[in-house]
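The structure appears right after this line, and notes come after that.
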Amino acid sequence: MSTQTFPLTGPVNLQVRLGRGSVTVDAVDGLTEARVELTPRQPGSDIVDRIEVELRGNTLVVTAPREGGVFDMLFSGNRGRLALDAVIAVPAGTAMRISTVSADVTVRGRAGGLDIASGSADMSIEHVSGDLRLRYGSGNCLVEQVDGTVTSRSGSGSAQFGRVGGALNAACGSGELTARSVGGPV
């Protein structure tokens with residue numbers, strides 16, 4: 001396990017790119033220090049050592065090595081060694097951009113604008129105070145509240161939205177889409 005902290009002097013953005021495992025972001029009111037905790041899923045894996053974690057200006061970046069290509073096709077049996085769980089704490093209202101291959105995504109608390117792209121993932125999102133953009137191949141998505149607009153594209157799986165303050169623009173190849181309340185056009 002690895003934990004890194006970053007003192008904050010103002011608003012921050014979050015950019016995450018991980019392959020497999022899970023990403024959990026806690027957006028906490030009054031936080032003055034960002035925290036990134038990485039735990040490999042397989043003992044003996046060196047994946048944590050290969051993750052780039054840094055604060056670039058006002059953007060907290062958590063980036064895994066890219067997957068794909070000939071090496072990964074030849075040695076795909078090692079994919080389990082690439083899986084890790086990332087737990088990230090940032091101030092409430094942080095704008096977030098998260099991309100994964102097959103890591104589930106959980107956002108607790110109030111995010112600013114949120115952009116998630118994944119090949120296959122389950123997603124759980126509490127509150128987005130800005131706009132939400134989702135793009136995923138397969139998985140299930142549960143979103144409690146979005147104050148702005150939602151744009152969602154998926155190949156398969158379900159998408160459940162609680163309250164959407166703005167427009168809801170969603171499409172999926174197969175699956176179920178539900179929304180409790182939408183304040184704008186659907």
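Residues in the structure tokens are numbered from 1 in each chain, the chains being A, B, ... in the order shown, and ligands are numbered from 1 in the order shown.
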
- Query: What residues in segment 1-153 of chain A get the DSSP label strand (DSSP E or B)? Please answer as JSON, numbers by chain.
  - Reply: {"A": [2, 3, 4, 5, 6, 7, 13, 14, 15, 16, 17, 18, 19, 20, 21, 22, 23, 24, 25, 26, 27, 28, 33, 34, 35, 36, 37, 38, 39, 40, 52, 53, 54, 55, 56, 59, 60, 61, 62, 63, 83, 84, 85, 86, 87, 88, 89, 90, 91, 95, 96, 97, 98, 99, 100, 101, 102, 103, 104, 105, 106, 107, 108, 109, 110, 111, 114, 115, 116, 117, 118, 119, 120, 123, 124, 125, 126, 127, 128, 132, 133, 134, 135, 136, 137, 138, 141, 142, 143, 144, 145, 146, 150, 151, 152, 153]}

Enumerate, in order of chain and increasing residue number, the residues of segment 88-147 of chain A with an atom no farther than 6 Å from segment 159-170 of chain A, each with its shortest atom pair and distance in Å to one decimal, counting only C-alpha atoms, as a tab-separated table.
residue	atom	partner	partner_atom	distance
A:Asn140	CA	A:Ala159	CA	5.9
A:Cys141	CA	A:Ala159	CA	4.6
A:Leu142	CA	A:Gln160	CA	4.9
A:Val143	CA	A:Phe161	CA	4.8
A:Glu144	CA	A:Gly162	CA	4.5
A:Gln145	CA	A:Arg163	CA	4.8
A:Val146	CA	A:Val164	CA	4.8
A:Asp147	CA	A:Gly165	CA	4.5

- Kindly indicate which residue among A:Val90, A:Asp29, A:Glu52, A:Asp46 lies nearest to Asn13 of chain A, using only C-alpha atoms for the distances.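 Closest to Asn13 of chain A, using only C-alpha atoms: A:Val90.
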
- Message: Report, in Å to a single decimal, how far apart atom CA of Asp26 of chain A and atom CA of Arg110 of chain A are.
- Response: 8.4 Å

- Given only C-alpha atoms as the counted atoms, nearest of A:Ile47, A:Leu18, A:Leu60, A:Ala34 to Ala121 of chain A: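 Ranked by minimum distance to Ala121 of chain A, first place goes to A:Leu18.
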